[in-house]
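Structure file model07.cif (mmCIF, C-alpha atoms and all ligand atoms) follows.
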data_coords
#
loop_
_atom_site.label_atom_id
_atom_site.label_comp_id
_atom_site.auth_asym_id
_atom_site.auth_seq_id
_atom_site.Cartn_x
_atom_site.Cartn_y
_atom_site.Cartn_z
CA ILE A 177 12.59 4.73 2.51
CA LYS A 178 14.47 1.64 1.41
CA LEU A 179 11.26 0.05 0.09
CA LEU A 180 10.62 3.14 -2.05
CA GLN A 181 14.26 3.39 -3.18
CA ASP A 182 14.32 -0.28 -4.19
CA LYS A 183 11.35 0.41 -6.43
CA GLY A 184 13.14 3.39 -7.97
CA ILE A 185 10.46 5.78 -6.73
CA SER A 186 11.72 9.35 -6.38
CA PHE A 187 10.39 11.31 -3.45
CA THR A 188 10.63 14.55 -1.49
CA ILE A 189 10.71 14.36 2.29
CA ASN A 190 9.06 16.94 4.50
CA PRO A 191 10.33 15.88 7.94
CA THR A 192 7.48 17.40 9.95
CA GLU A 193 4.33 19.18 8.92
CA ASN A 194 5.36 22.18 11.01
CA LEU A 195 8.22 23.05 8.70
CA LEU A 196 5.83 23.84 5.87
CA SER A 197 2.96 26.26 5.68
CA ARG A 198 -0.27 24.83 4.23
CA GLU A 199 0.50 26.65 0.95
CA GLU A 200 3.96 25.08 0.74
CA PHE A 201 2.54 21.68 1.64
CA ILE A 202 -0.12 21.92 -1.08
CA LYS A 203 2.47 23.08 -3.62
CA ILE A 204 4.55 19.95 -2.97
CA CYS A 205 1.48 17.72 -3.20
CA GLN A 206 0.62 19.31 -6.56
CA GLU A 207 3.99 18.14 -7.87
CA HIS A 208 3.74 14.48 -6.78
CA ASP A 209 1.67 11.44 -7.69
CA ALA A 210 1.29 10.17 -4.15
CA LEU A 211 1.39 11.63 -0.65
CA LEU A 212 2.70 9.77 2.40
CA ASN A 213 1.19 11.92 5.11
CA VAL A 214 3.18 11.70 8.34
CA GLY A 215 1.29 13.95 10.70
CA THR A 216 -2.09 15.55 10.90
CA ASN A 217 -2.30 17.79 7.81
CA LYS A 218 -5.99 18.29 7.12
CA LEU A 219 -6.82 16.76 3.76
CA ASP A 220 -10.11 18.50 3.16
CA GLU A 221 -12.17 19.35 0.07
CA ASP A 222 -10.02 22.43 -0.57
CA PHE A 223 -6.89 20.24 -0.50
CA PHE A 224 -8.34 17.78 -3.03
CA GLN A 225 -9.54 20.59 -5.30
CA ARG A 226 -6.08 22.08 -5.35
CA CYS A 227 -4.19 18.81 -5.88
CA PRO A 228 -5.94 17.38 -8.95
CA ASN A 229 -2.93 15.26 -9.97
CA LEU A 230 -2.69 13.22 -6.77
CA LYS A 231 -3.36 9.55 -7.42
CA GLY A 232 -3.28 8.24 -3.87
CA ILE A 233 -2.74 9.08 -0.21
CA ALA A 234 -0.93 6.90 2.30
CA LEU A 235 -1.52 7.93 5.91
CA PHE A 236 0.99 7.25 8.67
CA SER A 237 -1.82 6.35 11.06
CA VAL A 238 -4.65 3.93 11.48
CA GLY A 239 -7.10 6.80 12.06
CA PHE A 240 -8.27 8.53 8.91
CA ASP A 241 -10.26 11.38 10.42
CA SER A 242 -7.76 13.86 8.92
CA VAL A 243 -9.10 13.04 5.45
CA ASN A 244 -12.39 14.06 3.89
CA ILE A 245 -13.22 10.60 2.52
CA PRO A 246 -16.19 11.71 0.36
CA SER A 247 -13.82 14.22 -1.34
CA ALA A 248 -11.31 11.43 -2.01
CA ASN A 249 -14.08 9.08 -3.20
CA SER A 250 -15.54 11.55 -5.65
CA ARG A 251 -12.10 11.77 -7.31
CA LYS A 252 -11.44 8.01 -7.05
CA ILE A 253 -8.38 8.63 -4.87
CA PRO A 254 -7.49 5.68 -2.64
CA VAL A 255 -6.59 6.47 0.97
CA GLY A 256 -4.45 3.98 2.87
CA ASN A 257 -3.85 3.55 6.60
CA THR A 258 -1.68 1.41 8.89
CA PRO A 259 -3.93 -1.15 10.63
CA ASP A 260 -2.87 -3.95 13.01
CA VAL A 261 0.79 -2.97 13.36
CA LEU A 262 0.03 -0.45 16.13
CA SER A 263 -2.76 -2.31 17.93
CA ARG A 264 -0.52 -3.79 20.60
CA ALA A 265 1.37 -0.56 21.24
CA THR A 266 -1.75 1.58 21.48
CA SER A 267 -3.60 -0.86 23.69
CA ASP A 268 -0.48 -1.09 25.88
CA VAL A 269 -0.85 2.63 26.53
CA ALA A 270 -4.56 2.26 27.32
CA PHE A 271 -3.66 -0.51 29.78
CA LEU A 272 -0.85 1.59 31.26
CA LEU A 273 -3.17 4.58 31.73
CA MET A 274 -5.85 2.39 33.30
CA GLN A 275 -3.44 1.15 35.96
CA SER A 276 -1.83 4.55 36.39
CA VAL A 277 -5.21 6.08 37.18
CA ALA A 278 -6.33 3.14 39.32
CA ARG A 279 -3.19 3.45 41.50
CA LYS A 280 -2.68 7.23 41.08
CA SER A 281 0.88 6.63 39.94
CA PHE A 282 1.40 9.86 37.98
CA PHE A 283 0.05 11.93 40.86
CA ASN A 284 2.27 10.18 43.38
CA HIS A 285 5.29 10.57 41.15
CA LYS A 286 4.56 14.29 41.09
CA ARG A 287 4.36 14.27 44.91
CA ILE A 288 7.90 12.95 45.19
CA LEU A 289 9.09 15.54 42.69
CA GLY A 290 7.48 18.15 44.96
CA ASN A 291 9.33 16.70 48.00
CA ASP A 292 6.07 15.44 49.44
CA TRP A 293 6.66 11.78 50.32
CA GLY A 294 4.43 12.24 53.35
CA SER A 295 4.18 10.14 56.49
CA PHE A 296 2.40 6.79 56.51
CA ASP A 297 -1.35 7.10 56.65
CA PRO A 298 -3.40 3.93 56.14
CA LEU A 299 -6.10 5.88 54.39
CA ALA A 300 -3.89 7.96 52.11
CA ASN A 301 -3.19 7.26 48.42
CA LEU A 302 -5.77 4.55 48.16
CA GLY A 303 -6.33 3.24 44.69
CA GLN A 304 -8.57 0.62 43.12
CA GLU A 305 -7.91 -3.00 42.25
CA LEU A 306 -9.18 -4.04 38.85
CA TYR A 307 -9.65 -7.77 39.47
CA GLY A 308 -12.99 -9.03 38.21
CA LYS A 309 -14.20 -5.57 37.24
CA THR A 310 -15.96 -4.70 34.00
CA LEU A 311 -14.14 -3.20 31.05
CA GLY A 312 -16.41 -1.30 28.68
CA VAL A 313 -14.91 -0.91 25.21
CA PHE A 314 -16.25 1.82 22.98
CA GLY A 315 -15.21 0.50 19.56
CA LEU A 316 -14.26 -3.18 19.69
CA GLY A 317 -11.99 -3.20 16.64
CA ARG A 318 -8.37 -4.26 16.45
CA ILE A 319 -7.06 -2.02 19.24
CA GLY A 320 -10.10 -2.52 21.47
CA ILE A 321 -9.71 -6.28 21.18
CA GLU A 322 -6.04 -6.11 22.22
CA MET A 323 -7.01 -3.99 25.25
CA ALA A 324 -9.79 -6.43 26.17
CA LYS A 325 -7.41 -9.41 25.88
CA LYS A 326 -4.93 -7.80 28.27
CA CYS A 327 -7.60 -6.84 30.79
CA LYS A 328 -9.04 -10.32 30.73
CA ALA A 329 -5.66 -12.05 31.04
CA ALA A 330 -4.26 -9.77 33.73
CA PHE A 331 -7.31 -9.05 35.86
CA GLY A 332 -10.02 -11.47 34.75
CA MET A 333 -12.09 -8.46 33.77
CA LYS A 334 -15.51 -8.95 32.19
CA ILE A 335 -15.84 -7.35 28.76
CA ILE A 336 -18.80 -5.37 27.46
CA TYR A 337 -18.67 -3.29 24.31
CA HIS A 338 -20.54 -0.90 22.11
CA ASN A 339 -19.99 -0.67 18.34
CA ARG A 340 -22.01 0.31 15.33
CA SER A 341 -22.33 -3.42 14.65
CA HIS A 342 -21.76 -6.67 16.54
CA ASN A 343 -18.28 -8.20 16.41
CA GLU A 344 -19.24 -11.84 16.70
CA ALA A 345 -15.72 -13.26 16.42
CA ALA A 346 -14.55 -11.05 19.25
CA GLU A 347 -17.64 -11.88 21.31
CA LYS A 348 -16.68 -15.56 21.09
CA GLU A 349 -12.98 -15.08 21.72
CA LEU A 350 -13.38 -12.71 24.65
CA ASP A 351 -16.78 -13.71 25.92
CA ALA A 352 -17.62 -10.06 25.27
CA LYS A 353 -21.19 -8.83 25.52
CA TYR A 354 -22.67 -6.24 23.16
CA VAL A 355 -24.56 -3.49 25.02
CA ASP A 356 -26.19 -0.22 23.97
CA PHE A 357 -24.36 3.02 24.68
CA GLU A 358 -26.38 3.84 27.81
CA THR A 359 -25.60 0.41 29.30
CA LEU A 360 -21.93 0.80 28.42
CA LEU A 361 -21.90 4.04 30.41
CA ALA A 362 -23.83 2.62 33.34
CA LYS A 363 -22.02 -0.72 33.72
CA SER A 364 -18.36 -0.02 32.94
CA ASP A 365 -15.86 0.14 35.79
CA VAL A 366 -13.30 1.15 33.18
CA LEU A 367 -14.56 2.69 29.94
CA SER A 368 -11.92 2.72 27.22
CA VAL A 369 -12.39 4.50 23.88
CA HIS A 370 -10.96 2.74 20.81
CA SER A 371 -13.28 3.84 18.05
CA ASN A 372 -12.54 5.62 14.80
CA TYR A 373 -13.44 9.28 15.23
CA SER A 374 -16.04 10.97 13.06
CA GLU A 375 -17.93 14.26 13.46
CA GLU A 376 -21.11 12.52 14.61
CA ASN A 377 -19.23 11.39 17.74
CA ASN A 378 -17.81 14.81 18.51
CA GLU A 379 -17.65 15.24 22.32
CA LEU A 380 -19.83 12.18 22.83
CA PHE A 381 -18.26 11.87 26.27
CA ASN A 382 -19.73 14.99 27.78
CA LYS A 383 -21.64 16.09 30.89
CA ASN A 384 -24.62 13.85 30.04
CA ALA A 385 -22.46 10.80 29.41
CA PHE A 386 -20.29 11.24 32.53
CA ALA A 387 -23.45 11.69 34.63
CA LYS A 388 -24.58 8.20 33.59
CA MET A 389 -21.29 6.55 34.58
CA LYS A 390 -20.45 5.00 37.96
CA SER A 391 -18.87 7.38 40.46
CA SER A 392 -16.08 4.76 40.74
CA ALA A 393 -15.52 4.60 36.95
CA ILE A 394 -12.27 5.28 35.13
CA PHE A 395 -12.42 6.89 31.67
CA ILE A 396 -9.58 6.06 29.25
CA ASN A 397 -9.07 7.55 25.80
CA THR A 398 -6.26 6.56 23.43
CA ALA A 399 -8.30 7.16 20.23
CA ARG A 400 -9.02 10.83 19.52
CA GLY A 401 -9.32 13.74 21.94
CA LYS A 402 -12.39 15.06 20.16
CA PHE A 403 -14.41 12.23 21.70
CA GLN A 404 -14.35 14.14 25.01
CA ASN A 405 -15.54 17.51 26.21
CA GLU A 406 -12.72 18.46 28.55
CA ASN A 407 -14.59 21.11 30.55
CA ASP A 408 -17.23 18.50 31.31
CA LEU A 409 -14.52 15.95 32.10
CA TYR A 410 -12.92 18.40 34.53
CA ASP A 411 -16.29 18.95 36.25
CA ALA A 412 -16.92 15.21 36.41
CA LEU A 413 -13.49 14.58 37.95
CA THR A 414 -13.72 17.38 40.50
CA ASN A 415 -17.31 16.66 41.58
CA ASN A 416 -16.89 12.89 42.09
CA ILE A 417 -19.14 12.14 39.12
CA ILE A 418 -16.47 9.72 37.86
CA TRP A 419 -13.38 8.48 39.69
CA GLY A 420 -10.54 9.12 37.27
CA ALA A 421 -9.38 9.63 33.70
CA GLY A 422 -6.34 8.68 31.64
CA LEU A 423 -5.83 10.42 28.33
CA ASP A 424 -3.32 9.78 25.57
CA VAL A 425 -5.27 12.15 23.34
CA THR A 426 -6.60 15.58 24.22
CA ASN A 427 -9.01 18.15 22.87
CA PRO A 428 -7.34 20.18 21.47
CA GLU A 429 -3.85 18.82 20.89
CA PRO A 430 -1.32 19.70 22.02
CA MET A 431 -2.49 19.98 25.62
CA LYS A 432 -0.94 23.01 27.35
CA SER A 433 0.83 22.76 30.71
CA ASP A 434 -1.71 25.10 32.35
CA ASN A 435 -4.62 22.81 31.43
CA PRO A 436 -6.63 22.41 34.69
CA LEU A 437 -6.93 18.65 34.09
CA LEU A 438 -3.20 18.36 34.77
CA SER A 439 -3.62 19.76 38.28
CA LEU A 440 -5.91 16.91 39.33
CA ALA A 441 -4.83 13.87 41.35
CA ASN A 442 -7.27 11.68 39.44
CA CYS A 443 -6.26 12.53 35.89
CA CYS A 444 -3.16 11.70 33.92
CA ALA A 445 -2.31 12.66 30.38
CA LEU A 446 0.27 11.63 27.78
CA PRO A 447 1.18 13.44 24.55
CA HIS A 448 -0.40 11.00 22.05
CA ILE A 449 2.27 8.32 22.29
CA GLY A 450 0.01 5.29 21.65
CA SER A 451 1.87 4.04 18.60
CA ALA A 452 5.28 5.35 19.64
CA THR A 453 7.27 2.12 19.85
CA TYR A 454 10.09 1.02 17.54
CA GLU A 455 8.01 -1.98 16.53
CA ALA A 456 4.80 -0.13 15.74
CA ARG A 457 6.39 2.80 13.96
CA ASN A 458 8.45 0.44 11.84
CA GLY A 459 5.31 -1.51 10.95
CA MET A 460 3.48 1.72 10.14
CA ALA A 461 6.30 2.86 7.86
CA VAL A 462 6.19 -0.44 5.97
CA CYS A 463 2.39 -0.31 5.52
CA ALA A 464 2.56 3.30 4.34
CA ALA A 465 5.40 2.56 1.90
CA GLN A 466 3.51 -0.46 0.52
CA ASN A 467 0.47 1.75 -0.01
CA VAL A 468 2.56 4.35 -1.87
CA ILE A 469 4.19 1.68 -4.04
CA ALA A 470 0.76 0.34 -4.99
CA VAL A 471 -0.33 3.82 -6.11
CA ILE A 472 2.79 4.35 -8.20
CA GLU A 473 2.51 0.90 -9.77
CA GLY A 474 -1.20 1.38 -10.48
CA LYS A 475 -2.16 -1.52 -8.20
CA LYS A 476 -4.70 -1.79 -5.41
CA MET A 477 -3.45 -0.47 -2.06
CA PRO A 478 -2.94 -3.32 0.42
CA PHE A 479 -4.37 -1.23 3.30
CA CYS A 480 -7.12 0.91 1.87
CA VAL A 481 -9.91 2.59 3.85
CA ASN A 482 -12.07 3.50 0.84
CA GLU A 483 -11.94 0.40 -1.37
CA GLU A 484 -15.06 1.63 -3.15
CA VAL A 485 -12.78 3.79 -5.32
CA TYR A 486 -11.61 0.63 -7.08
CA PHE A 487 -15.07 -0.48 -8.18
C1 LIG A 501 -0.18 8.45 15.11
C2 LIG A 501 -2.58 7.66 15.59
O1 LIG A 501 0.90 8.61 15.96
O2 LIG A 501 -2.58 5.86 14.09
C3 LIG A 501 -3.21 6.77 14.57
O3 LIG A 501 -4.40 7.00 14.24
O4 LIG A 501 -3.24 8.43 16.20
C4 LIG A 501 -1.13 7.56 15.88
O5 LIG A 501 -0.69 6.27 15.66
C5 LIG A 501 -0.65 9.79 14.70
O6 LIG A 501 -1.79 9.72 13.91
C6 LIG A 501 0.44 10.54 13.92
O7 LIG A 501 0.51 10.12 12.58
#
Please express the file's structure as structure tokens.
Amino acid sequence: IKLLQDKGISFTINPTENLLSREEFIKICQEHDALLNVGTNKLDEDFFQRCPNLKGIALFSVGFDSVNIPSANSRKIPVGNTPDVLSRATSDVAFLLMQSVARKSFFNHKRILGNDWGSFDPLANLGQELYGKTLGVFGLGRIGIEMAKKCKAAFGMKIIYHNRSHNEAAEKELDAKYVDFETLLAKSDVLSVHSNYSEENNELFNKNAFAKMKSSAIFINTARGKFQNENDLYDALTNNIIWGAGLDVTNPEPMKSDNPLLSLANCCALPHIGSATYEARNGMAVCAAQNVIAVIEGKKMPFCVNEEVYF
């Protein structure tokens, strides 16, 4: 806010998307030059058609799946995101979920809450150690790299990854090996999703995919819930097809308390808190404000996902 004020930019704040109906939201966007979109308002073709005066959109997220990019491109509207500043925080949550699942910490916490400490049994509550195991990264971008670094440093894990293209710098730094999707499924002891979501990957992690994974594998998703089919995940977790799952993102969001996944000992879920640290959210706010300022000043956005609009 201070960055915008210092530039003398006047603005209207809508504290959360839920306070406005879509009609009210669109009306406000029609009256402004730029939108700083905190939240998950869908910015689809209809939105762009109805907001012809918008000159730029700054997202408060690194993911830009909420925006129809071809619609923005056809109107030469730049869309900005918040890269890098949340990579540590989000990968911290992936790492936290990985260990929580491996040692069943959420489940055991629930046991104490239910007054079920239990008596000592050498074969009860057994988890997995991650030392020397293989981390499979689906989407070795900024967040995936941070996750891989932690897994390597903490547990000496081997890194394999699948991307649309090779990330040679990361391969060198992490000794990471590019594999095809089938190999990623078959070889990962922990498979962590860090890719940008797009329709073509909708429910990519489904019955077929889980069936190709190790029965000892842990599935982690801190990217977008739509990557997973949750009925298939439930079946995989209850039929020992895979060993466990840790989700910071669900399909749909919000996840409801009666979701059967929450009743399982081998699944834990968080309410999309990947970037929820003081440090990351502050960094995101600065990136978003810088993107807005660029729009107002007629300059190129510093963090733009569709740079083609400037050519
Ligand atoms: C946000 C995220 O909390 O950056 C992203 O893509 O998913 C999270 O950091 C969320 O998008 C709300 O804006």
Once you count only C-alpha atoms and all ligand atoms, which residues end up within 6 Å of ligand LIG 501 (chain A), and could you hand them over as a tab-separated table (two decimals) with C-alpha atoms, in the coordinates of the input?
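What landed in part-v2.tsv:
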chain	number	residue	atom	x	y	z
A	214	VAL	CA	3.18	11.70	8.34
A	215	GLY	CA	1.29	13.95	10.70
A	236	PHE	CA	0.99	7.25	8.67
A	237	SER	CA	-1.82	6.35	11.06
A	238	VAL	CA	-4.65	3.93	11.48
A	239	GLY	CA	-7.10	6.80	12.06
A	451	SER	CA	1.87	4.04	18.60
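For the set A:Thr266, A:Thr398, A:Ser392, A:Asn405, the residue with the smallest atom-to-atom gap to Leu380 (chain A) is A:Asn405, counting only C-alpha atoms.
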Subject >> Distance in Å - CA of Leu230 (chain A) versus CA of Ala456 (chain A) >> reply: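 CA of Ala456 (chain A) lies at a distance of 27.2 Å from CA of Leu230 (chain A).
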Subject >> Minimum-distance residue to Ile396 (chain A), chosen among A:Ile185, A:Ala278, A:Ala210, A:Leu180 (using only C-alpha atoms) >> reply: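 Result for the nearest residue to Ile396 (chain A): A:Ala278.
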**OP:** Can you work out which one of A:Phe403, A:Ala300, A:Lys363, A:Gly232 has the shortest atom-to-atom distance to Gly315 (chain A), counting all atoms listed in the file?
**Re:**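 Selected residue with least distance to Gly315 (chain A): A:Phe403.
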**OP:** Name all residues at most 12 Å from Pro259 (chain A) (count only C-alpha atoms; drop same-chain ones fewer than 4 positions away) and give them as a list of chain:residue names.
**Re:** A:Ala234, A:Leu235, A:Phe236, A:Ser237, A:Val238, A:Gly239, A:Phe240, A:Ser263, A:Arg264, A:Ala265, A:Thr266, A:Gly317, A:Arg318, A:Ile319, A:Asn372, A:Ser451, A:Ala456, A:Arg457, A:Gly459, A:Met460, A:Ala461, A:Val462, A:Cys463, A:Ala464, A:Asn467, A:Pro478, A:Phe479, A:Cys480, A:Val481
Original post:
With distances taken over all atoms listed in the file, which of A:Glu199, A:Glu207, A:Asp241, A:Glu349 is nearest to Leu219 (chain A)?
Top reply: A:Asp241
Subject >> Between CA of Asp408 (chain A) and CA of Gly312 (chain A) - distance in Å to one decimal >> reply: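 Computing the Euclidean distance for CA of Gly312 (chain A) and CA of Asp408 (chain A) yields 20.0 Å.
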Original post:
Which residue, A:Gly332, A:Asn427, A:Ala387, A:Ala248, has the smallest gap to Gln404 (chain A) when you use all atoms listed in the file?
Top reply: A:Asn427
Subject >> Residues within 10 Å of Ala385 (chain A), all atoms listed in the file, excluding chain neighbours under 5 positions, as a PyMOL selection string >> reply: chain A and resi 357-358+361-362+379-380+404+408-409+412
Can those selected residues be exported to a file as an mmCIF file, keeping the file's coordinate frame so that it contains C-alpha atoms?
data_model
loop_
_atom_site.group_PDB
_atom_site.id
_atom_site.type_symbol
_atom_site.label_atom_id
_atom_site.label_comp_id
_atom_site.auth_asym_id
_atom_site.auth_seq_id
_atom_site.Cartn_x
_atom_site.Cartn_y
_atom_site.Cartn_z
ATOM 1 C CA PHE A 357 -24.360 3.020 24.680
ATOM 2 C CA GLU A 358 -26.380 3.840 27.810
ATOM 3 C CA LEU A 361 -21.900 4.040 30.410
ATOM 4 C CA ALA A 362 -23.830 2.620 33.340
ATOM 5 C CA GLU A 379 -17.650 15.240 22.320
ATOM 6 C CA LEU A 380 -19.830 12.180 22.830
ATOM 7 C CA GLN A 404 -14.350 14.140 25.010
ATOM 8 C CA ASP A 408 -17.230 18.500 31.310
ATOM 9 C CA LEU A 409 -14.520 15.950 32.100
ATOM 10 C CA ALA A 412 -16.920 15.210 36.410
#
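Between CA of Leu367 (chain A) and CA of Ala393 (chain A) there is a distance of 7.3 Å.
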Quick one: what's the axis-aligned box for region 269-272 of chain A, all listed atoms, 8 Å on every side, centre and edges in Å to one decimal, as AutoDock Vina command-line options?
--center_x -2.7 --center_y 1.1 --center_z 28.9 --size_x 19.7 --size_y 19.1 --size_z 20.7
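Using only C-alpha atoms, the nearest neighbour of Leu212 (chain A) within the list A:Arg198, A:Lys231, A:Lys183, A:Arg226 is A:Lys231.
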